[in-house]
file start_32.csv (CSV, C-alpha atoms)
chain,number,residue,atom,x,y,z
M,1,MET,CA,86.8,61.7,111.5
M,2,LYS,CA,86.9,64.7,113.7
M,3,VAL,CA,90.6,64.4,114.2
M,4,LYS,CA,91.0,64.0,110.4
M,5,ASN,CA,89.0,67.2,109.8
M,6,PHE,CA,91.0,69.1,112.5
M,7,LEU,CA,94.3,68.0,110.8
M,8,LYS,CA,93.0,69.3,107.5
M,9,SER,CA,91.7,72.6,109.0
M,10,ARG,CA,93.2,75.9,108.0
M,11,PRO,CA,94.1,77.1,111.5
M,12,PHE,CA,95.9,73.8,112.2
M,13,ILE,CA,97.9,74.1,108.9
M,14,GLN,CA,98.6,77.8,109.7
M,15,SER,CA,99.9,77.0,113.1
M,16,LEU,CA,102.2,74.3,111.7
M,17,ALA,CA,103.5,76.7,109.1
M,18,ALA,CA,104.1,79.3,111.7
M,19,LEU,CA,106.0,76.9,113.9
M,20,ALA,CA,108.0,75.6,110.9
M,21,ALA,CA,109.1,79.1,109.9
M,22,ASN,CA,109.9,80.0,113.5
M,23,ALA,CA,111.3,76.7,114.8
M,24,ASN,CA,114.1,78.4,116.8
M,25,ILE,CA,112.0,78.7,119.9
M,26,ALA,CA,115.1,79.1,122.1
M,27,GLY,CA,115.8,82.4,120.4
M,28,PHE,CA,112.8,84.0,122.1
M,29,PHE,CA,114.3,83.2,125.5
M,30,THR,CA,117.9,84.1,124.7
M,31,GLY,CA,117.1,87.2,122.6
M,32,ARG,CA,119.3,86.0,119.8
M,33,ILE,CA,118.5,85.3,116.2
M,34,TRP,CA,119.2,82.0,114.3
M,35,GLN,CA,122.4,82.1,112.3
M,36,GLY,CA,122.2,78.8,110.6
M,37,LYS,CA,122.5,78.2,106.9
M,38,SER,CA,118.8,77.5,106.5
M,39,LYS,CA,118.6,81.2,106.1
M,40,LEU,CA,120.0,80.8,102.6
M,41,VAL,CA,116.5,80.0,101.6
M,42,CYS,CA,113.4,82.2,101.9
M,43,VAL,CA,110.2,81.0,103.5
M,44,PRO,CA,107.1,81.5,101.3
M,45,GLY,CA,105.3,83.8,103.7
M,46,LEU,CA,106.1,87.2,105.1
M,47,ASN,CA,108.3,86.3,108.2
M,48,CYS,CA,110.9,88.7,109.4
M,49,TYR,CA,114.4,87.2,109.5
M,50,SER,CA,115.2,89.2,112.6
M,51,CYS,CA,112.5,87.3,114.5
M,52,PRO,CA,114.4,85.3,117.1
M,53,GLY,CA,112.5,82.2,116.0
M,54,ALA,CA,113.0,82.6,112.2
M,55,VAL,CA,114.9,79.8,110.6
M,56,GLY,CA,114.5,81.1,107.0
M,57,SER,CA,114.8,84.4,105.3
M,58,CYS,CA,111.9,86.8,104.5
M,59,PRO,CA,111.5,87.0,100.8
M,60,ILE,CA,110.8,90.8,100.8
M,61,GLY,CA,113.7,91.5,103.2
M,62,ALA,CA,116.0,89.4,101.1
M,63,LEU,CA,114.9,91.0,97.9
M,64,GLN,CA,115.7,94.5,99.3
M,65,ALA,CA,119.0,93.3,100.7
M,66,VAL,CA,120.2,92.2,97.3
M,67,LEU,CA,118.7,95.2,95.4
M,68,GLY,CA,120.1,97.6,98.0
M,69,GLY,CA,123.6,96.0,98.0
M,70,TYR,CA,126.5,97.4,96.0
M,71,LYS,CA,126.9,94.2,93.9
M,72,HIS,CA,123.5,93.7,92.0
M,73,ASN,CA,120.6,95.7,90.7
M,74,PHE,CA,118.4,92.7,90.3
M,75,SER,CA,118.1,89.5,92.2
M,76,PHE,CA,117.6,86.5,90.0
M,77,TYR,CA,117.8,84.2,93.1
M,78,ILE,CA,115.0,85.8,95.0
M,79,ALA,CA,112.9,86.5,91.9
M,80,GLY,CA,113.3,82.8,91.0
M,81,LEU,CA,112.1,81.7,94.4
M,82,LEU,CA,109.2,84.1,94.3
M,83,ILE,CA,108.1,82.8,90.8
M,84,PHE,CA,108.5,79.2,92.0
M,85,PHE,CA,106.3,79.8,95.1
M,86,GLY,CA,103.8,81.9,93.1
M,87,VAL,CA,103.5,79.5,90.2
M,88,THR,CA,103.1,76.4,92.4
M,89,LEU,CA,100.7,77.8,95.1
M,90,GLY,CA,99.7,81.4,94.2
M,91,ARG,CA,98.0,83.1,97.1
M,92,LEU,CA,97.4,79.8,98.9
M,93,ILE,CA,100.5,80.9,100.7
M,94,CYS,CA,98.6,84.0,102.1
M,95,GLY,CA,95.7,81.8,103.2
M,96,PHE,CA,97.7,78.9,104.7
M,97,LEU,CA,101.4,79.6,105.2
M,98,CYS,CA,101.8,83.2,106.2
M,99,LEU,CA,102.1,83.9,110.0
M,100,PHE,CA,101.0,87.5,109.8
M,101,GLY,CA,98.0,86.4,107.8
M,102,PHE,CA,97.2,83.9,110.5
M,103,ILE,CA,97.6,86.6,113.2
M,104,GLN,CA,95.1,88.8,111.3
M,105,ASP,CA,92.7,85.9,111.0
M,106,LEU,CA,92.8,85.4,114.8
M,107,LEU,CA,92.3,89.1,115.4
M,108,TYR,CA,89.2,89.1,113.1
M,109,LYS,CA,87.7,86.4,115.3
M,110,ILE,CA,87.5,88.9,118.2
M,111,PRO,CA,83.7,89.6,118.6
M,112,SER,CA,83.1,93.2,117.3
M,113,PRO,CA,81.1,94.9,114.5
M,114,LYS,CA,82.7,94.0,111.2
M,115,LEU,CA,83.3,96.6,108.5
M,116,LYS,CA,82.8,95.8,104.9
M,117,ILE,CA,84.6,98.5,102.8
M,118,PRO,CA,82.4,99.7,99.9
M,119,ARG,CA,83.7,98.3,96.6
M,120,LYS,CA,84.3,101.9,95.2
M,121,VAL,CA,86.8,102.6,98.0
M,122,ASP,CA,88.1,99.0,98.4
M,123,LYS,CA,89.1,98.6,94.8
M,124,PRO,CA,91.5,101.5,94.5
M,125,LEU,CA,92.9,100.8,98.0
M,126,ARG,CA,93.8,97.3,96.9
M,127,SER,CA,96.1,98.8,94.3
M,128,LEU,CA,98.2,100.4,97.0
M,129,LYS,CA,100.1,97.2,97.7
M,130,TYR,CA,101.4,97.2,94.1
M,131,GLY,CA,102.6,100.8,94.8
M,132,PHE,CA,104.4,99.6,97.9
M,133,LEU,CA,106.0,96.8,96.0
M,134,LEU,CA,107.2,99.0,93.1
M,135,VAL,CA,108.3,102.0,95.1
M,136,ALA,CA,109.4,100.9,98.6
M,137,VAL,CA,110.6,97.4,97.8
M,138,ILE,CA,112.1,97.7,94.3
M,139,ALA,CA,112.7,101.3,93.2
M,140,LEU,CA,114.0,103.0,96.4
M,141,PRO,CA,116.6,100.3,97.3
M,142,ILE,CA,117.9,100.5,93.7
M,143,LEU,CA,117.8,104.3,93.3
M,144,LEU,CA,118.5,105.7,96.8
M,145,GLY,CA,121.8,104.2,97.8
M,146,ASN,CA,124.5,106.0,99.8
M,147,GLN,CA,128.0,106.9,98.4
M,148,PHE,CA,128.9,103.2,98.5
M,149,GLY,CA,125.8,102.1,96.6
M,150,ILE,CA,124.2,100.6,99.7
M,151,ALA,CA,120.6,101.3,100.5
M,152,PRO,CA,118.5,100.3,103.5
M,153,PRO,CA,115.4,98.0,103.1
M,154,TYR,CA,113.0,100.9,102.8
M,155,PHE,CA,109.8,98.9,103.1
M,156,CYS,CA,111.1,97.0,106.2
M,157,GLN,CA,112.4,100.2,107.7
M,158,TRP,CA,109.4,102.5,107.3
M,159,ILE,CA,106.3,100.4,106.7
M,160,CYS,CA,106.5,96.7,107.6
M,161,PRO,CA,104.7,96.0,110.9
M,162,VAL,CA,105.8,92.3,110.8
M,163,GLY,CA,109.4,93.2,111.7
M,164,THR,CA,108.2,95.2,114.7
M,165,LEU,CA,105.9,92.5,115.9
M,166,GLU,CA,108.1,89.4,115.3
M,167,GLY,CA,111.6,91.0,115.6
M,168,GLY,CA,111.5,94.4,117.3
M,169,ILE,CA,109.3,93.6,120.3
M,170,PRO,CA,110.9,90.2,121.4
M,171,LEU,CA,114.5,91.5,120.8
M,172,VAL,CA,114.0,94.8,122.6
M,173,LEU,CA,112.4,92.9,125.5
M,174,LYS,CA,115.5,90.6,125.9
M,175,ASN,CA,118.3,93.0,125.0
M,176,GLU,CA,119.1,96.1,127.1
M,177,SER,CA,121.6,97.4,124.5
M,178,LEU,CA,118.8,97.5,121.9
M,179,ARG,CA,116.4,99.2,124.4
M,180,SER,CA,118.9,102.0,124.6
M,181,MET,CA,118.5,102.6,120.9
M,182,LEU,CA,114.7,103.2,120.9
M,183,GLY,CA,113.7,106.4,119.2
M,184,PHE,CA,111.4,108.0,116.6
M,185,LEU,CA,111.6,105.1,114.1
M,186,PHE,CA,110.6,102.5,116.7
M,187,ASN,CA,107.6,104.7,117.8
M,188,TRP,CA,106.6,105.2,114.1
M,189,LYS,CA,106.7,101.5,113.4
M,190,MET,CA,104.9,100.6,116.6
M,191,SER,CA,102.2,103.1,115.6
M,192,ILE,CA,101.8,101.3,112.2
M,193,LEU,CA,101.6,98.0,114.0
M,194,VAL,CA,99.0,99.2,116.5
M,195,ILE,CA,96.9,100.6,113.6
M,196,VAL,CA,97.1,97.4,111.6
M,197,ILE,CA,96.3,95.2,114.6
M,198,ALA,CA,93.3,97.5,115.6
M,199,ALA,CA,92.1,97.5,112.0
M,200,SER,CA,92.4,93.7,111.7
M,201,VAL,CA,89.7,93.3,114.4
M,202,PHE,CA,87.1,95.2,112.3
M,203,ILE,CA,88.3,94.6,108.7
M,204,TYR,CA,89.4,91.2,107.4
M,205,ARG,CA,93.1,91.1,106.7
M,206,PRO,CA,93.7,94.8,106.0
M,207,PHE,CA,97.4,94.4,105.7
M,208,CYS,CA,97.1,91.6,103.1
M,209,LYS,CA,94.5,93.5,101.1
M,210,TYR,CA,96.1,97.0,101.0
M,211,ILE,CA,99.8,96.9,102.0
M,212,CYS,CA,101.5,93.5,101.6
M,213,PRO,CA,104.0,93.6,98.7
M,214,LEU,CA,104.4,89.8,98.9
M,215,GLY,CA,100.7,89.3,98.4
M,216,ALA,CA,101.0,91.7,95.5
M,217,ILE,CA,103.6,89.5,93.9
M,218,TYR,CA,101.7,86.2,94.5
M,219,SER,CA,98.4,87.8,93.3
M,220,LEU,CA,100.0,88.0,89.8
M,221,PHE,CA,100.4,84.2,89.8
M,222,ASN,CA,96.9,83.2,90.9
M,223,LYS,CA,95.8,82.9,87.3
M,224,PHE,CA,98.7,80.6,86.4
M,225,SER,CA,99.4,78.6,89.5
M,226,PHE,CA,99.4,74.8,89.6
M,227,TYR,CA,97.1,75.0,92.7
M,228,ARG,CA,93.8,76.2,91.4
M,229,MET,CA,90.2,76.6,92.3
M,230,ASP,CA,87.3,75.9,89.9
M,231,VAL,CA,83.6,76.5,89.7
M,232,ASP,CA,81.6,73.9,87.9
M,233,LYS,CA,79.1,76.0,86.0
M,234,THR,CA,76.9,73.0,85.4
M,235,LYS,CA,76.4,72.5,89.2
M,236,CYS,CA,76.4,76.2,90.2
M,237,SER,CA,72.9,77.4,91.0
M,238,GLY,CA,73.9,81.1,91.0
M,239,CYS,CA,72.8,81.6,94.6
M,240,LYS,CA,76.0,83.6,95.3
M,241,LEU,CA,76.3,82.3,98.8
M,242,CYS,CA,80.0,81.8,98.1
M,243,GLU,CA,80.4,85.5,97.3
M,244,LYS,CA,78.6,86.5,100.4
M,245,LYS,CA,80.8,84.3,102.5
M,246,CYS,CA,84.1,85.5,100.9
M,247,LYS,CA,85.9,87.9,103.2
M,248,MET,CA,88.3,88.9,100.5
M,249,ASN,CA,85.4,90.2,98.4
M,250,VAL,CA,86.2,88.0,95.4
M,251,GLU,CA,83.5,87.7,92.6
M,252,ILE,CA,83.8,83.9,92.7
M,253,THR,CA,81.2,83.1,90.0
M,254,LYS,CA,83.0,85.5,87.6
M,255,ASN,CA,86.6,84.7,88.4
M,256,ILE,CA,87.4,82.4,91.2
M,257,ASN,CA,91.2,82.6,90.6
M,258,ALA,CA,91.1,86.4,90.8
M,259,PRO,CA,94.3,88.1,92.2
M,260,GLU,CA,92.6,88.8,95.6
M,261,CYS,CA,91.7,85.2,96.3
M,262,ILE,CA,93.8,83.7,99.1
M,263,ARG,CA,92.4,80.2,98.5
M,264,CYS,CA,91.0,80.0,102.1
M,265,GLY,CA,88.3,77.6,100.9
M,266,ASP,CA,85.4,79.3,102.7
M,267,CYS,CA,83.5,79.5,99.4
M,268,LYS,CA,84.0,75.7,98.9
M,269,GLY,CA,82.7,74.9,102.4
M,270,VAL,CA,79.5,77.0,102.0
M,271,CYS,CA,78.5,75.8,98.5
M,272,LYS,CA,75.6,73.4,98.9
M,273,GLN,CA,75.9,72.2,95.3
M,274,GLY,CA,79.5,71.2,95.7
M,275,ALA,CA,80.3,73.2,92.6
M,276,ILE,CA,83.6,74.6,93.9
M,277,THR,CA,86.7,72.4,93.8
M,278,SER,CA,90.4,73.1,94.5
M,279,GLY,CA,93.6,71.3,94.1
M,280,PHE,CA,96.8,70.9,92.1
M,281,CYS,CA,96.4,70.3,88.4
M,282,LEU,CA,99.3,69.7,86.0
M,283,ARG,CA,97.3,70.5,82.9
M,284,THR,CA,94.3,72.8,83.3
M,285,SER,CA,90.9,72.4,84.8
M,286,LEU,CA,89.3,75.6,83.6
M,287,LYS,CA,87.0,74.0,81.0
M,288,LYS,CA,83.8,74.9,82.8
M,289,GLN,CA,84.9,78.2,84.2
M,290,GLY,CA,85.2,80.3,81.1
M,291,ASN,CA,87.2,83.0,82.8
M,292,PHE,CA,90.0,83.3,80.3
U,1,MET,CA,91.3,92.4,76.5
U,2,MET,CA,92.8,89.3,75.0
U,3,LYS,CA,91.8,86.1,76.8
U,4,LEU,CA,94.2,83.3,77.4
U,5,THR,CA,93.0,79.9,76.3
U,6,GLU,CA,93.2,76.9,78.6
U,7,VAL,CA,96.2,75.6,76.7
U,8,GLY,CA,97.8,79.1,77.0
U,9,VAL,CA,97.4,79.1,80.7
U,10,SER,CA,98.8,75.6,81.0
U,11,ARG,CA,101.8,76.6,78.9
U,12,VAL,CA,102.5,79.8,80.8
U,13,LYS,CA,102.7,78.0,84.1
U,14,TYR,CA,105.3,75.5,82.8
U,15,ILE,CA,107.3,78.3,81.2
U,16,LEU,CA,107.2,80.2,84.6
U,17,LEU,CA,108.4,77.0,86.3
U,18,ILE,CA,111.4,76.8,84.0
U,19,VAL,CA,112.1,80.5,84.3
U,20,ALA,CA,112.1,80.1,88.1
U,21,ALA,CA,114.6,77.3,87.9
U,22,LEU,CA,116.9,79.2,85.6
U,23,PHE,CA,116.7,82.3,87.7
U,24,ILE,CA,117.5,80.4,90.9
U,25,ALA,CA,120.5,78.7,89.2
U,26,PHE,CA,121.8,82.0,87.8
U,27,GLY,CA,121.3,83.8,91.1
U,28,LEU,CA,123.2,81.0,92.9
U,29,LEU,CA,126.1,81.4,90.3
U,30,ARG,CA,126.1,85.2,91.1
U,31,GLU,CA,126.2,84.3,94.8
U,32,GLU,CA,123.2,86.4,95.6
U,33,HIS,CA,122.1,83.8,98.2
U,34,LEU,CA,125.2,84.8,100.2
U,35,VAL,CA,124.1,88.4,100.2
U,36,ALA,CA,120.7,87.4,101.5
U,37,LEU,CA,122.3,85.1,104.1
U,38,LYS,CA,124.6,87.8,105.4
U,39,LYS,CA,121.7,90.1,105.9
U,40,ALA,CA,119.5,87.4,107.5
U,41,ILE,CA,122.0,86.1,110.1
U,42,ASN,CA,122.6,89.6,111.6
U,43,ILE,CA,119.9,91.5,113.4
U,44,CYS,CA,118.4,93.9,110.8
U,45,LEU,CA,118.1,97.1,112.8
U,46,GLU,CA,116.1,98.8,110.1
U,47,CYS,CA,113.6,95.9,110.1
U,48,ILE,CA,113.0,96.0,113.8
U,49,GLY,CA,112.7,99.8,113.9
U,50,LEU,CA,116.0,100.8,115.4
U,51,GLY,CA,118.3,101.7,112.5
call {"tool": "encode", "arguments": {"input": "start_32.csv", "output": "structure tokens"}}
result
Amino acid sequence: MKVKNFLKSRPFIQSLAALAANANIAGFFTGRIWQGKSKLVCVPGLNCYSCPGAVGSCPIGALQAVLGGYKHNFSFYIAGLLIFFGVTLGRLICGFLCLFGFIQDLLYKIPSPKLKIPRKVDKPLRSLKYGFLLVAVIALPILLGNQFGIAPPYFCQWICPVGTLEGGIPLVLKNESLRSMLGFLFNWKMSILVIVIAASVFIYRPFCKYICPLGAIYSLFNKFSFYRMDVDKTKCSGCKLCEKKCKMNVEITKNINAPECIRCGDCKGVCKQGAITSGFCLRTSLKKQGNF
Amino acid sequence: MMKLTEVGVSRVKYILLIVAALFIAFGLLREEHLVALKKAINICLECIGLG
């Protein structure tokens, strides 16, 4: 029973997902990235394709690569993949399949005083990630190209701490030629990484809440995804233990499939009435929720 | 604000699934996947903070 519970636990699934997305372990020792055709497909989570272990493409990096290329101003392929991931799983991907989300989860486990950002400040800050998506990921690569119509991936270049952690640090450690290129940009990105890591010890998943453009995309699908969470209003006693437990500050009894829910299942575990359920549904199971 | 009915939500997710399939197919026809692959199999200097 204990083994079964462990196999179903979120950290175990997160570890498996991290390994699956970064299965090229040899790359960390050789300092070379994977060049196989598996990179034709994006992984669902934020996982830099310049990570030596990465065997798939990062959806945000790939989106900017196509938008910033000279051929296309819209990527049907990446948009299709993102809609597919979003409509099947929603932000379950953030909760279970994203390596950087997992890293932030682990950092938050470090014993320290935990900060709960007041709702008045938290709510507008959460909108920031949509701004990063619209401006740095979509608009700038389309609008700010060079004379050949090619634009760099602005979000990856100036903001994304995942590329620094998963790609920059391991590659720079193994390649002397790359070490000779270190400069302002690397220092800037390292500063962002350090700030995000430090903040993650005190605040639950600050990158996911306020910065991640991929989380912003998936949040739009939480309402419509095949994987859903439900509150059975007939069983709910209104104790709000679930809302106290929720580290993403979701108002569970009002809207359990809110954009910010990462489907971690903490609310489900704490509910003594067993009023919260989750799973895939092909039709809809919102009868008792009354959110829509 | 207009509220979606249960049936509406159910319809939307199937429509989105079909849209996703069509987008992926059209993107493949336009060879967008090759653009993504080309970027992914070479070290992205911008992504790692060097370019």
call {"tool": "interface_residues", "arguments": {"input": "start_32.csv", "of": "chain U", "to": "chain M", "cutoff": "6 Å", "atoms": "all atoms listed in the file", "output": "list in words"}}
result
Lys3, Leu4, Ser10, Lys13, Ala20, Phe23, Ile24, Gly27, His33, Ala36, Leu37, Ala40, Ile41, Ile43, Cys44, Glu46, Cys47, Ile48, Gly49 and Leu50 of chain U
call {"tool": "atom_distance", "arguments": {"input": "start_32.csv", "atom1": "atom CA of M:Gly101", "atom2": "atom CA of M:Gly45"}}
result
8.8 Å
call {"tool": "residues_around", "arguments": {"input": "start_32.csv", "residues": "M:Lys209", "least_positions_apart": "3", "cutoff": "8 Å", "atoms": "all atoms listed in the file", "output": "JSON, numbers by chain"}}
result
{"M": [126, 129, 205, 206, 212, 215, 248, 260]}
call {"tool": "atom_distance", "arguments": {"input": "start_32.csv", "atom1": "atom CA of M:Ile25", "atom2": "atom CA of M:Leu107"}}
result
22.7 Å
call {"tool": "atom_distance", "arguments": {"input": "start_32.csv", "atom1": "atom CA of M:Lys4", "atom2": "atom CA of M:Val201"}}
result
29.6 Å
call {"tool": "closest_residue", "arguments": {"input": "start_32.csv", "among": "M:Cys261, M:Val3, M:Cys98, M:Val196", "to": "M:Leu19", "atoms": "only C-alpha atoms"}}
result
M:Cys98
call {"tool": "residues_around", "arguments": {"input": "start_32.csv", "residues": "M:Tyr210", "least_positions_apart": "2", "cutoff": "12 Å", "atoms": "only C-alpha atoms", "output": "count of residues only"}}
result
30
call {"tool": "residues_around", "arguments": {"input": "start_32.csv", "residues": "M:Leu16", "least_positions_apart": "3", "cutoff": "12 Å", "atoms": "only C-alpha atoms", "output": "list in words"}}
result
Leu7, Lys8, Ser9, Arg10, Pro11, Phe12, Ile13, Leu19, Ala20, Ala21, Asn22, Ala23, Phe96, Leu97, Cys98, Leu99 and Phe102 of chain M
call {"tool": "build_atoms", "arguments": {"input": "start_32.csv", "residues": "stretch 267-284 of chain M", "atoms": "N, CA and C atoms", "output": "CSV table (one decimal), in the frame of the given file"}}
result
chain,number,residue,atom,x,y,z
M,267,CYS,N,84.5,79.5,100.5
M,267,CYS,CA,83.5,79.5,99.4
M,267,CYS,C,83.1,78.0,99.2
M,268,LYS,N,84.2,77.2,99.2
M,268,LYS,CA,84.0,75.7,98.9
M,268,LYS,C,83.1,75.1,100.0
M,269,GLY,N,83.4,75.5,101.3
M,269,GLY,CA,82.7,74.9,102.4
M,269,GLY,C,81.2,75.3,102.4
M,270,VAL,N,80.9,76.5,101.9
M,270,VAL,CA,79.5,77.0,102.0
M,270,VAL,C,78.6,76.6,100.8
M,271,CYS,N,79.3,76.1,99.7
M,271,CYS,CA,78.5,75.8,98.5
M,271,CYS,C,77.7,74.5,98.7
M,272,LYS,N,76.4,74.6,98.6
M,272,LYS,CA,75.6,73.4,98.9
M,272,LYS,C,75.6,72.5,97.7
M,273,GLN,N,75.9,73.0,96.5
M,273,GLN,CA,75.9,72.2,95.3
M,273,GLN,C,77.2,71.5,95.1
M,274,GLY,N,78.2,71.8,95.8
M,274,GLY,CA,79.5,71.2,95.7
M,274,GLY,C,80.1,71.6,94.3
M,275,ALA,N,79.8,72.8,93.9
M,275,ALA,CA,80.3,73.2,92.6
M,275,ALA,C,81.7,73.7,92.6
M,276,ILE,N,82.2,74.0,93.8
M,276,ILE,CA,83.6,74.6,93.9
M,276,ILE,C,84.6,73.5,94.3
M,277,THR,N,85.6,73.4,93.5
M,277,THR,CA,86.7,72.4,93.8
M,277,THR,C,88.0,73.1,93.8
M,278,SER,N,89.0,72.5,94.5
M,278,SER,CA,90.4,73.1,94.5
M,278,SER,C,91.4,72.0,94.5
M,279,GLY,N,92.6,72.3,94.1
M,279,GLY,CA,93.6,71.3,94.1
M,279,GLY,C,94.7,71.6,93.1
M,280,PHE,N,95.7,70.7,93.0
M,280,PHE,CA,96.8,70.9,92.1
M,280,PHE,C,96.4,70.2,90.7
M,281,CYS,N,96.6,70.9,89.7
M,281,CYS,CA,96.4,70.3,88.4
M,281,CYS,C,97.6,70.6,87.5
M,282,LEU,N,98.1,69.6,86.8
M,282,LEU,CA,99.3,69.7,86.0
M,282,LEU,C,98.9,70.2,84.6
M,283,ARG,N,97.7,69.9,84.2
M,283,ARG,CA,97.3,70.5,82.9
M,283,ARG,C,96.5,71.7,83.2
M,284,THR,N,95.2,71.7,82.9
M,284,THR,CA,94.3,72.8,83.3
M,284,THR,C,92.9,72.3,83.6
